[in-house]
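Student: Please read through the structure below; I'll follow up with questions.
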Amino acid sequence: MSFSTRIRLLTYASARSLEPKLSTGVRFLVIILLLCLSALPAIGYPISIKDARGKIVIIKSAPRRIISLAPSNTEILFALGLDDRIVGVTTYCDYPPQAKKKPKIGDRIVNVEKVISLKPDLILAHGRVNDAYISQFEALGKTIIAIDPKTYEQTMSDIRMIGRVTGRSSKASVIVKKMQSVADRVRRAPARKTKPKVLMVIQPSPLWAAGPNTFVDEMVRYAHGSNIAYDSRPGFNQFPVERAISRNPDIIIVGKDQKEFFLTSPVWRGARAVKEKRVYEMDHNLLVRPGPRLADGLLKLAGLLR
């Protein structure tokens with residue numbers, strides 16, 4: 001029986017027992033209350049969801065002790081207002097600032113004993129980065145959901161799913177609505193006559209770039225740009241410098257403290273983006289963490305590509 005159904009029954013039973021003692025006005029208010037409660041959706045557990053592995057995961061009850069194994073998952077949990085339910089995060093989880101105060105369970109190398117000691121009833125993992133630990137935690141009887149979105153749309157879908165699992169569907173809908181609104185606005189904005197050729201740098205030397213099948217590549221297209229690493233291996237991978245230079249990017253997007261490398265490198269001095277000083281620093285976390293802040297990254301990226 002769902003929580004809302006229990007409330008309805010209890011309220012109805014209380015009203016019936018007190019009916020002889022209630023005035024007409026109070027009885028009227030009770031009836032209104034019952035009508036309002038009857039309109040509530042019957043949200044209850046267990047909940048069945050399919051995660052990034054394609055596996056059906058059953059959530060038996062509302063999670064109260066949640067551990068995040070990825071910074072993006074942590075950002076989603078905080079955005080959903082679940083601060084008080086988060087009992088463990090990684091050392092990389094630095095946003096929002098409150099995340100830094102949560103107990104640490106490791107980084108890419110997860111301290112399994114620490115996780116178990118925190119008694120989580122839900123673990124949110126990254127489907128690829130935490131692959132080695134997912135089956136291990138399942139073998140220990142822990143409920144674990146793997147998340148690994150490849151697109152902006154999948155990121156929004158995962159936020160909806162986490163909202164449903166944690167009883168925060170309404171909040172998740174608000175977040176997704178904002179993200180969708182930003183994406184629609186950027187895509188509808190007037191495009192330049194010629195799409196700027198963009199290099200999205202993850203690491204300058206050796207050069208790693210955002211390739212196809214990533215939300216970063218997708219966001220460049222939303223902002224009416226052309227990703228010069230369109231034919232690299234899917235994901236974030238090493239990209240040949242010679243090929244990048246030969247494609248002569250109009251704009252190079254780099255992370256913090258990476259701009260100077262391109263502006264002073266003799267290898268890159270002939271690139272149009274360097275000659276025209278169109279090498280821009282952005283907070284990588286706004287581009288590579290699949291969470292609510294992708295909308296902020298998309299807006300900033302669109303501004304740089306105009």
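Ordering of the structure tokens sets the chain letters (A, B, ...); residue numbers start at 1 within each chain; ligands are numbered from 1 in the order shown.
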With only C-alpha atoms as the counted atoms, please give the residues lying no more than 9 Å from Phe262 in chain A, apart from itself and same-chain residues fewer than 5 positions off, as a list of chain:residue names.
Tutor: A:Pro204, A:Ile252, A:Val267, A:Trp268, A:Arg269, A:Val274, A:Val279
Student: Write a file of the just-selected residues containing C-alpha atoms, as a PDB file, in the first residue's frame.
Tutor:
ATOM      1  CA  PRO A 204      46.601  19.676 -24.575  1.00  0.00           C
ATOM      2  CA  ILE A 252      39.683  26.103 -29.553  1.00  0.00           C
ATOM      3  CA  VAL A 267      53.302  23.763 -33.266  1.00  0.00           C
ATOM      4  CA  TRP A 268      49.978  25.593 -32.979  1.00  0.00           C
ATOM      5  CA  ARG A 269      51.000  29.110 -34.014  1.00  0.00           C
ATOM      6  CA  VAL A 274      45.612  30.863 -32.257  1.00  0.00           C
ATOM      7  CA  VAL A 279      41.348  30.122 -27.688  1.00  0.00           C
TER       8      VAL A 279
END
Student: Hey, could you make a per-residue contact list for range 223-293 of chain A against range 176-189 of chain A with 9 Å as the cut-off, showing the nearest pair of atoms and its distance in Å to one decimal, counting only C-alpha atoms, sorted by chain and number, as CSV?
Tutor:
residue,atom,partner,partner_atom,distance
A:Ala223,CA,A:Val186,CA,5.9
A:His224,CA,A:Arg187,CA,7.3
A:Pro292,CA,A:Met179,CA,7.0
A:Arg293,CA,A:Met179,CA,8.5
Student: What would the file look like if the residues just selected were written as a PDB file, in the first residue's frame with C-alpha atoms?
Tutor:
ATOM      1  CA  ALA A 223      25.461  25.846 -30.794  1.00  0.00           C
ATOM      2  CA  HIS A 224      25.799  25.709 -34.612  1.00  0.00           C
ATOM      3  CA  PRO A 292      22.170  19.913 -14.530  1.00  0.00           C
ATOM      4  CA  ARG A 293      25.117  22.248 -15.183  1.00  0.00           C
TER       5      ARG A 293
END
Student: What's around Lys104 in chain A at 10 Å? Count only C-alpha atoms, leave out sequence neighbours fewer than 2 positions away in its own chain, and write the answer as a ChimeraX atom specification.
Tutor: /A:67-69,87-93,99-102,106-107,110-111,114-115
Student: Set the distance at 12 Å and use only C-alpha atoms: which residues neighbour Ser265 in chain A once local chain neighbours fewer than 4 positions away are removed? I'd like the list as a list in words.
Tutor: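 Contacts, with the query itself left out: Pro204, Ser205, Gln258, Lys259, Glu260, Phe261, Arg269, Gly270, Ala271, Val274 and Lys275 of chain A.
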Student: Could you dump the residues just selected with C-alpha atoms as a PDB file, in the first residue's frame?
Tutor:
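In the end it all went to selection.pdb:
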ATOM      1  CA  PRO A 204      46.601  19.676 -24.575  1.00  0.00           C
ATOM      2  CA  SER A 205      49.651  17.385 -24.658  1.00  0.00           C
ATOM      3  CA  GLN A 258      45.487  25.335 -20.753  1.00  0.00           C
ATOM      4  CA  LYS A 259      45.125  28.463 -22.894  1.00  0.00           C
ATOM      5  CA  GLU A 260      48.750  29.573 -22.625  1.00  0.00           C
ATOM      6  CA  PHE A 261      49.961  26.246 -24.019  1.00  0.00           C
ATOM      7  CA  ARG A 269      51.000  29.110 -34.014  1.00  0.00           C
ATOM      8  CA  GLY A 270      49.682  28.679 -37.580  1.00  0.00           C
ATOM      9  CA  ALA A 271      46.188  27.616 -36.496  1.00  0.00           C
ATOM     10  CA  VAL A 274      45.612  30.863 -32.257  1.00  0.00           C
ATOM     11  CA  LYS A 275      46.396  33.609 -34.773  1.00  0.00           C
TER      12      LYS A 275
END
Student: So that I can check the secondary structure, give me every residue of range 13-256 of chain A assigned helix (DSSP H, G or I) by backbone DSSP, as an MDAnalysis selection string.
Tutor: chainID A and resid 13:21 24:38 71:79 83:85 97:101 112:117 131:139 152:165 169:188 215:222 241:246
Student: As an exercise, work out the distance from CA of Ala244 in chain A to CA of Arg289 in chain A in Å and give it to one decimal place.
Tutor: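 Value for the CA of Ala244 in chain A-CA of Arg289 in chain A distance: 24.1 Å.
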Student: May I have all residues of range 103-162 of chain A that DSSP, computed from the backbone, assigns to strand (DSSP E), given as a PyMOL selection string?
Tutor: chain A and resi 122-126+144-147
Student: Between A:Pro249, A:Gly303, A:Gly54, A:Pro206, single out the one closest to Ala146 in chain A, counting only C-alpha atoms.
Tutor: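 The shortest atom-to-atom distance to Ala146 in chain A comes from A:Gly54.
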Student: For range 280-288 of chain A, find every residue with an atom within 8 Å (counting only C-alpha atoms), except residues of its own chain fewer than 6 positions away, and show them as number ranges by chain.
Tutor: A: 202, 215-216, 251-259, 294-298, 304
Student: To one decimal place in Å, what is the distance between CA of Asn130 in chain A and CA of Pro46 in chain A?
Tutor: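 Calculated distance between CA of Asn130 in chain A and CA of Pro46 in chain A is 25.2 Å.
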Student: For CA of Pro96 in chain A and CA of Ala79 in chain A, determine how far apart the two atoms are, in Å to one decimal place.
Tutor: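 One can read the CA of Pro96 in chain A to CA of Ala79 in chain A distance as 8.9 Å.
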